[in-house]
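Asker: Sending over a structure as structure tokens; questions will come in a sec.
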Amino acid sequence: MTMTTPDVLGRARDLFEPAARQAVASLFSDLRLAAEYHFGWVDADGRPTPGGGKGIRPALAVLGAEAAGGSAADGVPVAVAVELIHNFSLLHDDIIDDDRERRHRPTVWALFGVGDAIIAGDALQTLAFEVLLAEPGPRRVDAARRLGRATQDMITGQAMDMAFDGRDLVSLRECEEMEGYKTGALLAYSVGTGAVLAGADSPTVTSLERYGHHLGLAFQAVDDVLGIWGDPEVTGKPAGNDLRERKKSVPVAIAMDGGGVAATRLVELFAADVTDAGVTEAAALLQAAGAREATIELARGHLGTALDALAAVDLVASAQLELEELARFVVERQH
């Protein structure tokens, strides 16, 4: 029987988390506390706590391996490595974005200090490659090479995102290019390289990477909607946080492409610090311009492209169905 998305995420977490905890436990003690706190495994005093992220990337790595005819265990090294890279980026992004809260708790830099957050992120980045190369073999080397490329793409996306801050206008094409690098690269890596460790052929890996790339674009489009209209009790961030930070997200880019009063007023609002009243006004402008619905439709379009990529190659049927369900979950989620 096919598992539901929560089941799939839970199964992947059960495989991934012990290996990830073991890897993080190898860090210097001061680094380990900050990292374990960030993952949601402990509180600020090192006491165990429930929690953690959704685990979509580890699930993709496990399912990629299974879809290619391998075992779930084949995908675990990729699951651990990609989640270490993702969380290295989050530790640094929270500093860049001046975010003081993540998952309803203070961020690492807000609690432990900027220096500790930076160096903990650095440690997770290097640890990811140690995990992949802990066992010899050409597949592991290929996985590490692919991770280096995906990490560079993610950093490129972050640099593009930061460059947008200095511009009045950003087009939807530019925004999607940035999000393809920043989010799509790691999701494509997860599912494609999970298949690599299972011994998949090149067409299978390419199709799975295409699935992951478009899933990443859908994921980020939904994230952009939640960053403006999401419920703070669910998202763990203040309402309208992306507008307060003047992010050139997909809804903003769509409105700017449309021109007119909405685009002109958004430029004016983003020219200075955005007040609570400005957040409310900007959200209303985007809603009136149809940017919210257009972003949701864009996410659904990328979902369709992702599902088409899965259908293009011969995959293990049960894993393919779970990849399809996971993709739909990403588009329909509320946090």
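Letters A, B, ... go to the chains of the structure tokens in the order shown; residues in each chain start at 1; ligands are counted from 1 in the same order.
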Do you know which residues are at most 8 Å from Ile296 of chain A counting only C-alpha atoms, after dropping those on the same chain fewer than 4 positions away, and could you put them as a ChimeraX atom specification?
Answerer: /A:221-222,225,292,300
Asker: Dump N, CA and C atoms for the selected residues as an mmCIF file, in the first residue's frame?
Answerer:
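Saved result, selection-v1.cif, follows:
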```cif
data_model
loop_
_atom_site.group_PDB
_atom_site.id
_atom_site.type_symbol
_atom_site.label_atom_id
_atom_site.label_comp_id
_atom_site.auth_asym_id
_atom_site.auth_seq_id
_atom_site.Cartn_x
_atom_site.Cartn_y
_atom_site.Cartn_z
ATOM 1 N N ALA A 221 7.542 29.153 -4.804
ATOM 2 C CA ALA A 221 6.381 29.987 -5.097
ATOM 3 C C ALA A 221 5.376 29.936 -3.947
ATOM 4 N N VAL A 222 5.128 28.720 -3.430
ATOM 5 C CA VAL A 222 4.225 28.584 -2.291
ATOM 6 C C VAL A 222 4.818 29.283 -1.062
ATOM 7 N N VAL A 225 4.135 32.918 -1.201
ATOM 8 C CA VAL A 225 2.766 33.241 -0.803
ATOM 9 C C VAL A 225 2.645 33.230 0.723
ATOM 10 N N ARG A 292 -1.346 37.088 -5.920
ATOM 11 C CA ARG A 292 -1.430 35.896 -5.068
ATOM 12 C C ARG A 292 -1.919 34.688 -5.874
ATOM 13 N N ARG A 300 1.340 25.538 -9.436
ATOM 14 C CA ARG A 300 0.643 24.374 -10.000
ATOM 15 C C ARG A 300 1.221 23.993 -11.360
#
```
Asker: My list of candidates is A:Ala19, A:Asp93, A:Ala272, A:Ala185. Which is closest to Gln158 of chain A when distances are computed with only C-alpha atoms?
Answerer: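 Among A:Ala19, A:Asp93, A:Ala272, A:Ala185, it is A:Asp93 that comes nearest to Gln158 of chain A.
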Asker: Contacts of Asp94 of chain A at 12 Å or less, counting only C-alpha atoms, minus same-chain residues fewer than 6 places along, as a PyMOL selection string?
Answerer: chain A and resi 38+87-88+100-102+106-111+113-114+117-118+121+237+245
Asker: Find the residues around segment 22-26 of chain A up to 10 Å (only C-alpha atoms counted), leave out those fewer than 6 positions away in its own chain, and share them as a VMD selection string.
Answerer: chain A and resid 32 to 33 35 to 36 80 to 81 84 123 to 124 127 to 128 130 to 131
Asker: Can you tell me which residues surround Val316 of chain A at a distance of at most 12 Å, considering only C-alpha atoms, apart from same-chain residues fewer than 6 positions away, and format the answer as a short mmCIF file (atom, residue, chain, number, x, y, z; two decimals) with N, CA and C atoms, in the first residue's frame?
Answerer:
```cif
data_model
loop_
_atom_site.label_atom_id
_atom_site.label_comp_id
_atom_site.auth_asym_id
_atom_site.auth_seq_id
_atom_site.Cartn_x
_atom_site.Cartn_y
_atom_site.Cartn_z
N LEU A 63 13.58 8.58 -1.58
CA LEU A 63 12.68 8.16 -2.65
C LEU A 63 13.40 8.09 -4.00
N GLY A 64 14.37 8.97 -4.22
CA GLY A 64 15.14 8.91 -5.46
C GLY A 64 15.88 7.59 -5.58
N ALA A 65 16.46 7.15 -4.47
CA ALA A 65 17.16 5.86 -4.47
C ALA A 65 16.18 4.72 -4.74
N GLU A 66 15.04 4.76 -4.07
CA GLU A 66 14.06 3.69 -4.24
C GLU A 66 13.44 3.70 -5.64
N ALA A 67 13.20 4.88 -6.18
CA ALA A 67 12.62 4.99 -7.52
C ALA A 67 13.53 4.39 -8.57
N ALA A 68 14.84 4.44 -8.31
CA ALA A 68 15.82 3.90 -9.25
C ALA A 68 16.09 2.42 -9.02
N GLY A 69 15.36 1.80 -8.10
CA GLY A 69 15.52 0.37 -7.86
C GLY A 69 16.45 0.01 -6.73
N GLY A 70 16.94 1.02 -6.01
CA GLY A 70 17.81 0.77 -4.87
C GLY A 70 17.02 0.68 -3.57
N SER A 71 17.74 0.65 -2.46
CA SER A 71 17.10 0.62 -1.15
C SER A 71 17.05 2.03 -0.56
N ALA A 195 19.34 8.74 -6.46
CA ALA A 195 19.32 7.73 -7.53
C ALA A 195 20.73 7.35 -7.98
N ALA A 200 21.56 4.40 -10.69
CA ALA A 200 20.67 4.75 -11.79
C ALA A 200 21.44 5.16 -13.04
N THR A 204 17.57 8.42 -16.18
CA THR A 204 16.77 8.40 -14.96
C THR A 204 17.19 9.53 -14.03
N LEU A 310 8.61 12.73 -14.05
CA LEU A 310 8.58 11.39 -13.47
C LEU A 310 8.03 10.38 -14.47
N GLU A 322 4.84 7.89 -4.48
CA GLU A 322 5.17 8.68 -3.29
C GLU A 322 5.83 10.00 -3.67
N LEU A 323 6.63 10.01 -4.73
CA LEU A 323 7.19 11.27 -5.23
C LEU A 323 6.09 12.19 -5.73
#
```
Asker: Write out as a PyMOL selection string which residues come within 8 Å of Val196 of chain A when counting only C-alpha atoms, dropping same-chain ones fewer than 6 positions away.
Answerer: chain A and resi 65+139+143+205
Asker: Write the residues of the selection above to a file with C-alpha atoms, as a short mmCIF file (atom, residue, chain, number, x, y, z; two decimals), in the first residue's frame.
Answerer:
```cif
data_model
loop_
_atom_site.label_atom_id
_atom_site.label_comp_id
_atom_site.auth_asym_id
_atom_site.auth_seq_id
_atom_site.Cartn_x
_atom_site.Cartn_y
_atom_site.Cartn_z
CA ALA A 65 17.16 5.86 -4.47
CA ARG A 139 29.43 6.89 -6.75
CA ALA A 143 27.76 12.54 -5.20
CA VAL A 205 18.98 10.79 -12.99
#
```
Asker: Using only C-alpha atoms, which of the listed residues (A:Ala262, A:Gly290, A:Gly240, A:Gly51) sits closest to Ala277 of chain A?
Answerer: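 Checking each candidate against Ala277 of chain A, we get A:Gly240 as the closest.
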Asker: Which residues, written as JSON, numbers by chain, have at least one atom at most 8 Å from Tyr37 of chain A, with only C-alpha atoms counted and residues fewer than 6 positions away on the same chain left out?
Answerer: {"A": [43, 44, 46, 108]}
Asker: Pick out the closest residue to Ile254 of chain A from this set: A:Glu179, A:Asp97, A:Glu174, A:Asp153. Count only C-alpha atoms.
Answerer: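 Of the candidates, the smallest distance to Ile254 of chain A is held by A:Glu174.
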